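A short write-up of the structure that comes next.
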Amino acid sequence: MSLINDALKQARQTPPRNQPNSLPPLRPVAEESASVAAWLIPAIILILIVAAIFFIGWASAHHVVRSIVAAPEPVAVTQVVASVPPPVVTSRVPEPPSAVNPPDAPVLQGIFYSPTAPSAIVDGKSVRPGDQFRQYRVKEIGKYTVILVGPDKKEIKLGMDR
């Protein structure tokens, strides 16, 4: 224990190795100027953007389109006009669209539409595209319709009431 006390006495008596510098201590940077610059630059940028939008809108609102129109040439009073027969219009009756829900067709009860795996319930049976249903084959299932193909290759379109 005495060795420790002797070492502590000796350490107190020796002068410190690093002498303080003769230069004055450093002062902190003024924080006021940094805080002003922190909001001043974004504020100026924001004002410039708002001004640009205003002037672009003002210019587009007040833009006048001027076109040069040539003056019509004077027309002679004795000009002869040839008579043109009226065009011949042939009215063609458009084909009626395929009937939705023909009277003898199966009853569509619901559609579960998905672009990847649509399915429907027809006469209580769940069907998918390509399935055989009675004498019909399910050709396509859309969001509101199901197209069946009969044995005579005739398409039957079943629809949902919207």
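Letters A, B, ... mark the chains of the structure tokens in the order given; residue numbers begin at 1 per chain; ligand numbers begin at 1, in order shown.
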
For Phe133 of chain A: contacts at 10 Å, only C-alpha atoms, fewer than 3 positions along chain excluded, given as a PyMOL selection string: chain A and resi 106+122-123+125-128+130+136-138+148-150

Keeping N, CA and C atoms for every residue in the selection just given, could you write it to a file as a PDB file, in the first residue's frame?
```pdb
ATOM      1  N   PRO A 106     -79.908 -22.702 -71.732  1.00  0.00           N
ATOM      2  CA  PRO A 106     -79.737 -22.899 -70.284  1.00  0.00           C
ATOM      3  C   PRO A 106     -79.756 -21.554 -69.553  1.00  0.00           C
ATOM      4  N   VAL A 122     -74.103 -22.397 -64.517  1.00  0.00           N
ATOM      5  CA  VAL A 122     -75.156 -22.513 -65.525  1.00  0.00           C
ATOM      6  C   VAL A 122     -76.034 -23.693 -65.121  1.00  0.00           C
ATOM      7  N   ASP A 123     -77.313 -23.424 -64.944  1.00  0.00           N
ATOM      8  CA  ASP A 123     -78.277 -24.448 -64.502  1.00  0.00           C
ATOM      9  C   ASP A 123     -77.780 -25.200 -63.269  1.00  0.00           C
ATOM     10  N   LYS A 125     -74.737 -25.823 -62.303  1.00  0.00           N
ATOM     11  CA  LYS A 125     -73.468 -26.534 -62.440  1.00  0.00           C
ATOM     12  C   LYS A 125     -72.356 -25.527 -62.701  1.00  0.00           C
ATOM     13  N   SER A 126     -71.222 -25.707 -62.021  1.00  0.00           N
ATOM     14  CA  SER A 126     -70.069 -24.827 -62.209  1.00  0.00           C
ATOM     15  C   SER A 126     -69.320 -25.245 -63.471  1.00  0.00           C
ATOM     16  N   VAL A 127     -69.053 -24.282 -64.357  1.00  0.00           N
ATOM     17  CA  VAL A 127     -68.364 -24.562 -65.617  1.00  0.00           C
ATOM     18  C   VAL A 127     -67.214 -23.578 -65.812  1.00  0.00           C
ATOM     19  N   ARG A 128     -66.229 -24.020 -66.604  1.00  0.00           N
ATOM     20  CA  ARG A 128     -65.072 -23.200 -66.972  1.00  0.00           C
ATOM     21  C   ARG A 128     -64.925 -23.246 -68.481  1.00  0.00           C
ATOM     22  N   GLY A 130     -63.966 -24.293 -72.013  1.00  0.00           N
ATOM     23  CA  GLY A 130     -63.521 -25.591 -72.504  1.00  0.00           C
ATOM     24  C   GLY A 130     -64.313 -26.759 -71.942  1.00  0.00           C
ATOM     25  N   TYR A 136     -73.661 -28.729 -74.922  1.00  0.00           N
ATOM     26  CA  TYR A 136     -72.919 -27.506 -75.230  1.00  0.00           C
ATOM     27  C   TYR A 136     -71.478 -27.606 -74.746  1.00  0.00           C
ATOM     28  N   ARG A 137     -70.604 -26.814 -75.402  1.00  0.00           N
ATOM     29  CA  ARG A 137     -69.220 -26.650 -74.943  1.00  0.00           C
ATOM     30  C   ARG A 137     -69.057 -25.183 -74.573  1.00  0.00           C
ATOM     31  N   VAL A 138     -68.443 -24.891 -73.424  1.00  0.00           N
ATOM     32  CA  VAL A 138     -68.249 -23.519 -72.970  1.00  0.00           C
ATOM     33  C   VAL A 138     -67.080 -22.932 -73.747  1.00  0.00           C
ATOM     34  N   LEU A 148     -71.742 -20.262 -75.228  1.00  0.00           N
ATOM     35  CA  LEU A 148     -71.775 -21.708 -75.371  1.00  0.00           C
ATOM     36  C   LEU A 148     -71.831 -22.045 -76.857  1.00  0.00           C
ATOM     37  N   VAL A 149     -71.257 -23.164 -77.250  1.00  0.00           N
ATOM     38  CA  VAL A 149     -71.322 -23.639 -78.634  1.00  0.00           C
ATOM     39  C   VAL A 149     -72.111 -24.937 -78.632  1.00  0.00           C
ATOM     40  N   GLY A 150     -73.171 -24.951 -79.461  1.00  0.00           N
ATOM     41  CA  GLY A 150     -74.033 -26.118 -79.532  1.00  0.00           C
ATOM     42  C   GLY A 150     -73.463 -27.190 -80.449  1.00  0.00           C
TER      43      GLY A 150
END
```

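In this comparison, which uses only C-alpha atoms, the residue of A:Ile56, A:Ile4, A:Ala105, A:Ile147 approaching Ser119 of chain A most closely is A:Ile147.
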
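For the atom pair formed by atom CA of Pro42 of chain A and atom CA of Trp58 of chain A, the distance is 24.3 Å, given to one decimal.
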
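Atom CA of Tyr113 of chain A to atom CA of Lys154 of chain A spans 23.7 Å [interatomic distance, one decimal].
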